[in-house]
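*Asks:* I'd like to ask you about the structure that follows.
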Amino acid sequence: MSEEFNKLIVRRIWEEVWQAGNLAVIDELVDSNHLLHAYFEDLEYGSGAEGFKRLVSANRAWFPDGKLTIEDLIAEGDKVVTRYTAQMTPSAATKGIWIDQIRDNKVVESWVDWDRLGLFRQLGLIPPAGEPTGE
Amino acid sequence: MSSEANKALARRIVEEMWNTKNLNVVDEVYSPEFGGGHEATKQFVTAHLAIFPDLHITIQDQIAENDLVATRYVMRATQQREFANIQPAGKQFTVTGIEMHRFADGKLVELWNVVDALGMLQQLGVISK
């Protein structure tokens, strides 16, 4: 399928699943054997489409008023990249970049890095000390 | 510039500048308006390379469209000098990251980098897991 169609699939997951909480869309757009590459906090919900549902449910339970903004959405070949920012609570925000690989109109594999240090500090889970490295 | 050319520029920043420590890449690839200018960028890079002399970034994947390039990488380094109030203990870390570069006319104009800074601080021994 085209890169533009793949972007539409990923956009639907952000808007209909993460933002609106419609978990049935995961069955439609995420492969049952989906493989997620993420931090351990995100992997403890298990793999596959069912793990993805548990991950989304847990996030929405933690942050029921979370608001996600897609800042950039690009595609090349069978991959789509999303750069996002997210207001998790009125006083805590985070950001991240996802890469999704799509086969036969379903996401089969995803890689994510997100600013968990920044979020955990804003939530008071980690004392504010030290600075992250970067370019 | 084509997406393929932009990918090559992003790769030069990672492999020639960070890994090989060739600061000429700043003059050749960075816009003069980026991040306070070429000298400020060189000072930033030099300072980090002094703290982490063996810094090595391995590119795992690149995806590009129009003026944007996403680069997924693994970064490893050993801390040899004080960094962000952390005393050096010769500890090594290995973390993942994904960055997005935006180029205009063959020059870097914007950068968004998401690296696992928490994983880094945990492996440097300043935040418990």
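Please note that chains go A, B, ... in the order of the structure tokens, that every chain numbers its residues from 1, and that ligands are numbered from 1 in the order shown.
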Using only C-alpha atoms and a cut-off of 8 Å, which residues of chain B sit close to chain A? Please list them as number ranges by chain.
*Replies:* B: 45, 63-65, 68, 70, 83-86, 96-99, 113-118, 120-121
*Asks:* Keeping N, CA and C atoms, export the residues of the selection given above as a compact mmCIF listing (two decimals), in the first residue's frame.
*Replies:*
```
# COMPACT_ATOMS: atom_id res chain seq x y z
N VAL B 45 29.57 20.08 21.33
CA VAL B 45 30.04 18.76 20.93
C VAL B 45 31.37 18.44 21.62
N ILE B 63 14.48 6.82 8.16
CA ILE B 63 13.25 6.99 7.37
C ILE B 63 13.17 8.47 7.03
N ALA B 64 12.97 8.79 5.75
CA ALA B 64 12.99 10.19 5.34
C ALA B 64 11.83 10.50 4.41
N GLU B 65 11.33 11.72 4.54
CA GLU B 65 10.32 12.23 3.61
C GLU B 65 10.46 13.75 3.55
N LEU B 68 12.52 16.07 6.15
CA LEU B 68 12.71 15.44 7.47
C LEU B 68 13.38 14.08 7.35
N ALA B 70 14.26 10.80 10.00
CA ALA B 70 14.25 10.17 11.32
C ALA B 70 15.37 9.14 11.36
N PHE B 83 29.72 15.19 34.95
CA PHE B 83 28.64 15.48 34.01
C PHE B 83 27.36 15.69 34.81
N ALA B 84 26.78 16.90 34.69
CA ALA B 84 25.51 17.20 35.35
C ALA B 84 25.54 16.80 36.83
N ASN B 85 26.60 17.23 37.51
CA ASN B 85 26.78 16.96 38.94
C ASN B 85 26.99 15.47 39.26
N ILE B 86 27.29 14.68 38.24
CA ILE B 86 27.60 13.28 38.46
C ILE B 86 29.12 13.12 38.37
N THR B 96 18.97 3.62 23.87
CA THR B 96 18.38 3.83 22.55
C THR B 96 17.93 5.27 22.40
N GLY B 97 17.76 5.69 21.15
CA GLY B 97 17.22 7.01 20.88
C GLY B 97 16.68 7.08 19.46
N ILE B 98 15.81 8.04 19.24
CA ILE B 98 15.35 8.33 17.88
C ILE B 98 15.39 9.85 17.73
N GLU B 99 16.01 10.32 16.67
CA GLU B 99 16.07 11.76 16.45
C GLU B 99 15.47 12.08 15.09
N ASN B 113 15.50 15.43 19.39
CA ASN B 113 16.19 14.21 19.79
C ASN B 113 15.51 13.64 21.02
N VAL B 114 15.11 12.38 20.95
CA VAL B 114 14.54 11.70 22.11
C VAL B 114 15.46 10.54 22.44
N VAL B 115 16.21 10.69 23.51
CA VAL B 115 17.15 9.64 23.93
C VAL B 115 16.76 9.20 25.33
N ASP B 116 17.04 7.96 25.66
CA ASP B 116 16.63 7.44 26.96
C ASP B 116 17.56 7.94 28.06
N ALA B 117 17.34 9.20 28.46
CA ALA B 117 18.18 9.83 29.48
C ALA B 117 18.01 9.15 30.83
N LEU B 118 16.82 8.63 31.11
CA LEU B 118 16.62 7.92 32.39
C LEU B 118 17.48 6.65 32.41
N MET B 120 20.17 6.17 30.85
CA MET B 120 21.57 6.59 30.98
C MET B 120 21.92 6.88 32.44
N LEU B 121 21.07 7.66 33.12
CA LEU B 121 21.34 8.01 34.52
C LEU B 121 21.29 6.78 35.42
```
*Asks:* Which neighbours of Lys106 (chain A) fall inside 8 Å, counting only C-alpha atoms, when residues of the same chain fewer than 6 positions from it are skipped, and could you give them as a list of chain:residue names?
*Replies:*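 Result of the neighbour search: A:Ile9, A:Glu28, A:Leu29, A:Val30, A:Asp31.
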*Asks:* In chain B, what's helix (DSSP H, G or I) per DSSP? Answer as a count of residues only?
*Replies:* 47
*Asks:* Would you compute the distance between CA of Phe52 (chain B) and CA of Arg11 (chain B)? Give it in Å to one decimal.
*Replies:* 19.8 Å
*Asks:* Which is closest to Asp100 (chain A) among B:Gly106, B:Asp61, B:Glu15, B:Glu82, if we use only C-alpha atoms?
*Replies:*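 Closest candidate: B:Asp61.
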*Asks:* Using only C-alpha atoms, which protein or nucleic acid residues come within 9 Å of Trp18 (chain B)? Drop anything in the same chain fewer than 5 positions from it, and give the result as an MDAnalysis selection string.
*Replies:* chainID B and resid 12:13 23 45 49 55:57
*Asks:* Any chance you could export the current selection's N, CA and C atoms as a PDB file, in the first residue's frame?
*Replies:*
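Output contents, as saved in again-v8.pdb:
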```pdb
ATOM      1  N   ARG B  12      26.143  11.746   8.375  1.00  0.00           N
ATOM      2  CA  ARG B  12      27.437  12.406   8.586  1.00  0.00           C
ATOM      3  C   ARG B  12      27.531  13.006   9.989  1.00  0.00           C
ATOM      4  N   ILE B  13      26.426  13.614  10.461  1.00  0.00           N
ATOM      5  CA  ILE B  13      26.432  14.198  11.803  1.00  0.00           C
ATOM      6  C   ILE B  13      26.722  13.118  12.849  1.00  0.00           C
ATOM      7  N   LEU B  23      34.918  17.977  13.624  1.00  0.00           N
ATOM      8  CA  LEU B  23      34.062  19.142  13.832  1.00  0.00           C
ATOM      9  C   LEU B  23      33.857  19.970  12.560  1.00  0.00           C
ATOM     10  N   VAL B  45      29.568  20.085  21.328  1.00  0.00           N
ATOM     11  CA  VAL B  45      30.042  18.759  20.926  1.00  0.00           C
ATOM     12  C   VAL B  45      31.365  18.438  21.622  1.00  0.00           C
ATOM     13  N   LEU B  49      32.163  15.358  24.139  1.00  0.00           N
ATOM     14  CA  LEU B  49      33.166  14.349  23.779  1.00  0.00           C
ATOM     15  C   LEU B  49      34.287  14.281  24.825  1.00  0.00           C
ATOM     16  N   LEU B  55      32.380   7.871  23.109  1.00  0.00           N
ATOM     17  CA  LEU B  55      30.990   7.912  22.628  1.00  0.00           C
ATOM     18  C   LEU B  55      30.880   7.288  21.239  1.00  0.00           C
ATOM     19  N   HIS B  56      29.942   6.380  21.098  1.00  0.00           N
ATOM     20  CA  HIS B  56      29.726   5.776  19.778  1.00  0.00           C
ATOM     21  C   HIS B  56      28.229   5.587  19.557  1.00  0.00           C
ATOM     22  N   ILE B  57      27.774   6.070  18.421  1.00  0.00           N
ATOM     23  CA  ILE B  57      26.361   5.963  18.057  1.00  0.00           C
ATOM     24  C   ILE B  57      26.263   5.049  16.840  1.00  0.00           C
TER      25      ILE B  57
END
```
*Asks:* Near Asp65 (chain A), within 9 Å and counting only C-alpha atoms, which residues show up once chain neighbours fewer than 4 positions away are dropped, as number ranges by chain?
*Replies:* A: 60, 87-90
*Asks:* Residues of chain A in strand (DSSP E or B) according to DSSP, as a ChimeraX atom specification?
*Replies:* /A:30-37,67-76,79-89,92-103,106-114
*Asks:* For the residues selected in the previous step, produce a file with C-alpha atoms as a PDB file, in the first residue's frame.
*Replies:*
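File written: again_7.pdb
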```
ATOM      1  CA  VAL A  30      -2.427  -3.937  14.698  1.00  0.00           C
ATOM      2  CA  ASP A  31      -1.152  -7.420  13.880  1.00  0.00           C
ATOM      3  CA  SER A  32      -1.944 -10.051  16.517  1.00  0.00           C
ATOM      4  CA  ASN A  33       1.787 -10.851  16.717  1.00  0.00           C
ATOM      5  CA  HIS A  34       2.813  -7.179  16.949  1.00  0.00           C
ATOM      6  CA  LEU A  35       6.352  -6.704  18.274  1.00  0.00           C
ATOM      7  CA  LEU A  36       7.050  -3.605  20.402  1.00  0.00           C
ATOM      8  CA  HIS A  37      10.540  -2.267  21.144  1.00  0.00           C
ATOM      9  CA  LYS A  67      -4.004  15.047  25.145  1.00  0.00           C
ATOM     10  CA  LEU A  68      -1.761  13.936  22.296  1.00  0.00           C
ATOM     11  CA  THR A  69      -0.529  16.177  19.497  1.00  0.00           C
ATOM     12  CA  ILE A  70       1.030  14.777  16.315  1.00  0.00           C
ATOM     13  CA  GLU A  71       3.848  17.187  15.477  1.00  0.00           C
ATOM     14  CA  ASP A  72       5.229  15.384  12.426  1.00  0.00           C
ATOM     15  CA  LEU A  73       4.134  12.332  10.453  1.00  0.00           C
ATOM     16  CA  ILE A  74       6.413  11.027   7.708  1.00  0.00           C
ATOM     17  CA  ALA A  75       6.590   7.782   5.759  1.00  0.00           C
ATOM     18  CA  GLU A  76       9.038   5.927   3.575  1.00  0.00           C
ATOM     19  CA  LYS A  79       7.562   2.583   7.777  1.00  0.00           C
ATOM     20  CA  VAL A  80       5.827   5.581   9.339  1.00  0.00           C
ATOM     21  CA  VAL A  81       7.428   7.937  11.868  1.00  0.00           C
ATOM     22  CA  THR A  82       5.393  10.000  14.331  1.00  0.00           C
ATOM     23  CA  ARG A  83       6.885  12.789  16.385  1.00  0.00           C
ATOM     24  CA  TYR A  84       4.440  13.718  19.128  1.00  0.00           C
ATOM     25  CA  THR A  85       4.017  15.782  22.221  1.00  0.00           C
ATOM     26  CA  ALA A  86       1.550  14.843  24.948  1.00  0.00           C
ATOM     27  CA  GLN A  87       0.030  16.805  27.803  1.00  0.00           C
ATOM     28  CA  MET A  88      -0.459  14.010  30.324  1.00  0.00           C
ATOM     29  CA  THR A  89      -1.787  16.121  33.222  1.00  0.00           C
ATOM     30  CA  ALA A  92       3.123  17.293  33.165  1.00  0.00           C
ATOM     31  CA  ALA A  93       3.997  16.855  29.506  1.00  0.00           C
ATOM     32  CA  THR A  94       6.157  14.499  27.521  1.00  0.00           C
ATOM     33  CA  LYS A  95       7.333  13.892  23.971  1.00  0.00           C
ATOM     34  CA  GLY A  96       8.409  10.967  21.885  1.00  0.00           C
ATOM     35  CA  ILE A  97       9.089   9.504  18.478  1.00  0.00           C
ATOM     36  CA  TRP A  98       7.482   6.281  17.233  1.00  0.00           C
ATOM     37  CA  ILE A  99       8.410   4.228  14.204  1.00  0.00           C
ATOM     38  CA  ASP A 100       5.783   1.794  12.932  1.00  0.00           C
ATOM     39  CA  GLN A 101       6.320  -0.879  10.293  1.00  0.00           C
ATOM     40  CA  ILE A 102       3.227  -1.832   8.319  1.00  0.00           C
ATOM     41  CA  ARG A 103       2.511  -5.004   6.412  1.00  0.00           C
ATOM     42  CA  LYS A 106      -1.491  -3.692   9.885  1.00  0.00           C
ATOM     43  CA  VAL A 107       1.261  -2.482  12.181  1.00  0.00           C
ATOM     44  CA  VAL A 108       3.589  -5.444  12.702  1.00  0.00           C
ATOM     45  CA  GLU A 109       6.489  -3.865  14.585  1.00  0.00           C
ATOM     46  CA  SER A 110       7.068  -0.585  16.466  1.00  0.00           C
ATOM     47  CA  TRP A 111      10.032   1.180  18.007  1.00  0.00           C
ATOM     48  CA  VAL A 112       9.552   3.989  20.498  1.00  0.00           C
ATOM     49  CA  ASP A 113      11.684   6.386  22.498  1.00  0.00           C
ATOM     50  CA  TRP A 114       9.975   8.926  24.733  1.00  0.00           C
TER      51      TRP A 114
END
```
*Asks:* Would you list the contacts of Phe34 (chain B) as a list in words, taking every protein, DNA or RNA residue within 10 Å and counting only C-alpha atoms, but skipping same-chain residues closer than 3 positions in sequence?
*Replies:*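 Listing them by chain and then by number gives Val26, Tyr30, Ser31, Gly37, His38, Ala40, Thr41, Lys107, Leu108, Val109, Glu110 and Leu111 of chain B.
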*Asks:* Write a file of the selected residues as a JSON list (two decimals), in the first residue's frame, keeping C-alpha atoms.
*Replies:*
```
[["chain", "number", "residue", "atom", "x", "y", "z"],
["B", 26, "VAL", "CA", 29.45, 21.54, 11.81],
["B", 30, "TYR", "CA", 24.77, 22.86, 10.16],
["B", 31, "SER", "CA", 22.96, 26.05, 9.28],
["B", 37, "GLY", "CA", 25.75, 29.19, 15.67],
["B", 38, "HIS", "CA", 28.64, 27.02, 14.57],
["B", 40, "ALA", "CA", 28.39, 27.24, 20.07],
["B", 41, "THR", "CA", 27.61, 23.89, 18.44],
["B", 107, "LYS", "CA", 21.87, 22.40, 5.96],
["B", 108, "LEU", "CA", 20.54, 21.29, 9.33],
["B", 109, "VAL", "CA", 17.96, 23.80, 10.58],
["B", 110, "GLU", "CA", 16.05, 21.88, 13.27],
["B", 111, "LEU", "CA", 16.60, 18.85, 15.49]]
```
